[in-house]
Amino acid sequence: MSEKIVIVDDEPITKMDLQELLEEAGYNVVGQASDGFEAIDVCQEQRPDLVIMDIKMPVLDGLKASKKIMYDKIAGGILLLTAFYDEAFVKKAREIGALGYLVKPLDEKSFIPTVEMCLSRAEKIQSLEKQVQEVSQKLEDRKIIDIAKGLLMKERDLDEQEAYKLLRKMSMDGRKSISEVARTIAIVYE
């Protein structure tokens, strides 16, 4: 497995145990941290697929660090760990977009399948975000092409089809995408 995982916990023994479980299951542990600020730094550096993070830590707790990591999109997802069940923590975990929540002590029978599910969900989320970004870009391109067509129609007294043909010709002649040509026209003609 090539998935990169970061472990964040203020207890060295817990980090060691988690790393051993993960590596035995074939995962690549690329970093560790002992508090939220270190977690953010490690994630900026490693861009892991999953962060396994304790909630209760000194300096910056796991929930706040998770919020920053998810906001900056520097990890695929977060699996939160805690020593006890707390409805308020679960609610906050949901709000920040954590992929999972486990109560310690952990056992391999539930931990590894949870990690697998979190990684799968993170991959799906990233795929959907990429699709949304591509659709948004296409819509943006479509808008700028329509603006450029309108400007060409007005400037050169063309109908819509002629303006579009001119855009396509400029695009092919200049070896640029039609949206690049449209952006230039929008700037030049306005």
# chains A, B, ... in the order shown; residues from 1 in each chain; ligands from 1

$ select_by_dssp --residues "range 2-174 of chain A" --states "helix (DSSP H, G or I)" --output "VMD selection string"
chain A and resid 12 to 24 36 to 46 62 to 72 87 to 96 108 to 156 160 to 174

$ residues_around --residues "Gln32 in chain A" --least-positions-apart "6" --cutoff "7 Å" --atoms "only C-alpha atoms" --output "JSON list (two decimals) with all heavy atoms, in the first residue's frame"
[["chain", "number", "residue", "atom", "x", "y", "z"],
["A", 6, "VAL", "N", 0.04, 9.90, 8.90],
["A", 6, "VAL", "CA", 0.72, 10.62, 9.98],
["A", 6, "VAL", "C", 0.00, 10.29, 11.28],
["A", 6, "VAL", "O", -1.23, 10.27, 11.33],
["A", 6, "VAL", "CB", 0.70, 12.16, 9.71],
["A", 6, "VAL", "CG1", 1.09, 12.94, 10.95],
["A", 6, "VAL", "CG2", 1.60, 12.51, 8.54],
["A", 7, "ILE", "N", 0.77, 10.03, 12.32],
["A", 7, "ILE", "CA", 0.22, 9.73, 13.64],
["A", 7, "ILE", "C", 0.49, 10.91, 14.56],
["A", 7, "ILE", "O", 1.62, 11.39, 14.65],
["A", 7, "ILE", "CB", 0.88, 8.46, 14.24],
["A", 7, "ILE", "CG1", 0.65, 7.26, 13.33],
["A", 7, "ILE", "CG2", 0.35, 8.21, 15.65],
["A", 7, "ILE", "CD1", 1.49, 6.05, 13.70],
["A", 8, "VAL", "N", -0.56, 11.37, 15.26],
["A", 8, "VAL", "CA", -0.42, 12.50, 16.17],
["A", 8, "VAL", "C", -1.00, 12.11, 17.53],
["A", 8, "VAL", "O", -2.19, 11.87, 17.67],
["A", 8, "VAL", "CB", -1.16, 13.76, 15.64],
["A", 8, "VAL", "CG1", -0.90, 14.94, 16.56],
["A", 8, "VAL", "CG2", -0.76, 14.06, 14.21]]

$ closest_residue --among "A:Ile74, A:Ala33, A:Leu60, A:Ile55" --to "Phe89 in chain A" --atoms "only C-alpha atoms"
A:Ile55

$ residues_around --residues "Ser177 in chain A" --least-positions-apart "6" --cutoff "12 Å" --atoms "only C-alpha atoms" --output "list in words"
Asp141, Ile145, Leu167, Arg168, Lys169, Met170, Ser171, Arg183 and Thr184 of chain A

$ residues_around --residues "Leu80 in chain A" --least-positions-apart "3" --cutoff "10 Å" --atoms "only C-alpha atoms" --output "PyMOL selection string"
chain A and resi 8+51-55+62-63+66+77+89-90+93+98-103

$ select_by_dssp --residues "range 20-145 of chain A" --states "strand (DSSP E)" --output "PyMOL selection string"
chain A and resi 28-33+50-54+78-82+100-103

$ write_last_selection --atoms "N, CA, C and O atoms" --output "CSV table (one decimal), in the first residue's frame"
chain,number,residue,atom,x,y,z
A,28,ASN,N,2.2,3.0,5.1
A,28,ASN,CA,3.4,3.8,5.2
A,28,ASN,C,3.3,5.0,6.2
A,28,ASN,O,2.6,6.0,5.8
A,29,VAL,N,3.8,4.9,7.4
A,29,VAL,CA,3.8,6.0,8.3
A,29,VAL,C,4.9,6.9,8.0
A,29,VAL,O,6.1,6.6,8.1
A,30,VAL,N,4.5,8.1,7.5
A,30,VAL,CA,5.5,9.1,7.0
A,30,VAL,C,5.8,10.2,8.0
A,30,VAL,O,6.7,11.0,7.8
A,31,GLY,N,5.2,10.2,9.2
A,31,GLY,CA,5.5,11.2,10.2
A,31,GLY,C,4.7,11.0,11.5
A,31,GLY,O,3.7,10.3,11.5
A,32,GLN,N,5.2,11.7,12.5
A,32,GLN,CA,4.6,11.7,13.8
A,32,GLN,C,4.7,13.1,14.4
A,32,GLN,O,5.5,13.8,14.0
A,33,ALA,N,3.7,13.3,15.3
A,33,ALA,CA,3.7,14.6,16.0
A,33,ALA,C,3.1,14.4,17.4
A,33,ALA,O,2.4,13.4,17.6
A,50,LEU,N,-4.0,10.2,5.2
A,50,LEU,CA,-4.7,10.1,6.5
A,50,LEU,C,-3.9,10.6,7.6
A,50,LEU,O,-2.7,10.3,7.7
A,51,VAL,N,-4.5,11.3,8.6
A,51,VAL,CA,-3.9,11.7,9.8
A,51,VAL,C,-4.7,11.0,10.9
A,51,VAL,O,-6.0,11.1,11.0
A,52,ILE,N,-4.0,10.3,11.8
A,52,ILE,CA,-4.7,9.6,12.9
A,52,ILE,C,-4.3,10.4,14.1
A,52,ILE,O,-3.1,10.5,14.5
A,53,MET,N,-5.2,11.2,14.7
A,53,MET,CA,-4.9,12.2,15.7
A,53,MET,C,-5.7,12.0,17.0
A,53,MET,O,-7.0,11.9,16.9
A,54,ASP,N,-5.0,12.1,18.1
A,54,ASP,CA,-5.6,12.1,19.4
A,54,ASP,C,-6.3,13.5,19.6
A,54,ASP,O,-5.9,14.5,19.0
A,78,ILE,N,-9.0,12.8,8.2
A,78,ILE,CA,-8.6,12.7,9.6
A,78,ILE,C,-9.4,11.6,10.3
A,78,ILE,O,-10.6,11.6,10.2
A,79,LEU,N,-8.7,10.8,11.1
A,79,LEU,CA,-9.4,9.8,12.0
A,79,LEU,C,-9.0,10.3,13.4
A,79,LEU,O,-7.8,10.3,13.7
A,80,LEU,N,-10.0,10.6,14.2
A,80,LEU,CA,-9.7,11.1,15.5
A,80,LEU,C,-9.8,10.0,16.5
A,80,LEU,O,-10.6,9.1,16.4
A,81,LEU,N,-8.9,10.1,17.5
A,81,LEU,CA,-8.9,9.1,18.6
A,81,LEU,C,-9.1,9.9,19.9
A,81,LEU,O,-8.7,11.0,20.1
A,82,THR,N,-9.7,9.2,20.9
A,82,THR,CA,-9.9,9.8,22.2
A,82,THR,C,-9.9,8.7,23.2
A,82,THR,O,-10.2,7.5,22.9
A,100,GLY,N,-13.5,9.7,10.8
A,100,GLY,CA,-13.8,8.7,11.8
A,100,GLY,C,-13.5,9.1,13.2
A,100,GLY,O,-12.8,10.1,13.4
A,101,TYR,N,-14.0,8.3,14.1
A,101,TYR,CA,-13.8,8.7,15.6
A,101,TYR,C,-13.7,7.3,16.3
A,101,TYR,O,-14.6,6.5,16.3
A,102,LEU,N,-12.6,7.1,16.9
A,102,LEU,CA,-12.4,5.8,17.7
A,102,LEU,C,-12.0,6.1,19.1
A,102,LEU,O,-11.3,7.1,19.4
A,103,VAL,N,-12.5,5.3,20.0
A,103,VAL,CA,-12.3,5.4,21.4
A,103,VAL,C,-11.2,4.4,21.8
A,103,VAL,O,-11.2,3.2,21.4

$ atom_distance --atom1 "CA of Tyr71 in chain A" --atom2 "CA of Gly97 in chain A"
9.7 Å

$ residues_around --residues "Glu123 in chain A" --least-positions-apart "5" --cutoff "9 Å" --atoms "only C-alpha atoms" --output "PDB file with N, CA and C atoms, in the first residue's frame"
ATOM      1  N   ASP A  49      -2.277  10.956   3.239  1.00  0.00           N
ATOM      2  CA  ASP A  49      -3.614  10.537   2.839  1.00  0.00           C
ATOM      3  C   ASP A  49      -4.536  10.503   4.057  1.00  0.00           C
ATOM      4  N   GLY A  76      -5.540  14.087   3.263  1.00  0.00           N
ATOM      5  CA  GLY A  76      -6.726  13.500   2.652  1.00  0.00           C
ATOM      6  C   GLY A  76      -7.896  13.389   3.600  1.00  0.00           C
ATOM      7  N   GLY A  77      -7.605  13.133   4.856  1.00  0.00           N
ATOM      8  CA  GLY A  77      -8.662  13.004   5.856  1.00  0.00           C
ATOM      9  C   GLY A  77      -8.085  12.798   7.239  1.00  0.00           C
ATOM     10  N   CYS A 118     -11.626   4.863   6.207  1.00  0.00           N
ATOM     11  CA  CYS A 118     -11.300   6.301   6.166  1.00  0.00           C
ATOM     12  C   CYS A 118     -10.498   6.640   4.913  1.00  0.00           C
ATOM     13  N   LEU A 128     -14.277  13.525  -5.885  1.00  0.00           N
ATOM     14  CA  LEU A 128     -15.436  14.412  -6.067  1.00  0.00           C
ATOM     15  C   LEU A 128     -15.020  15.877  -6.102  1.00  0.00           C
TER      16      LEU A 128
END

$ atom_distance --atom1 "CA of Asp146 in chain A" --atom2 "CA of Val181 in chain A"
11.9 Å
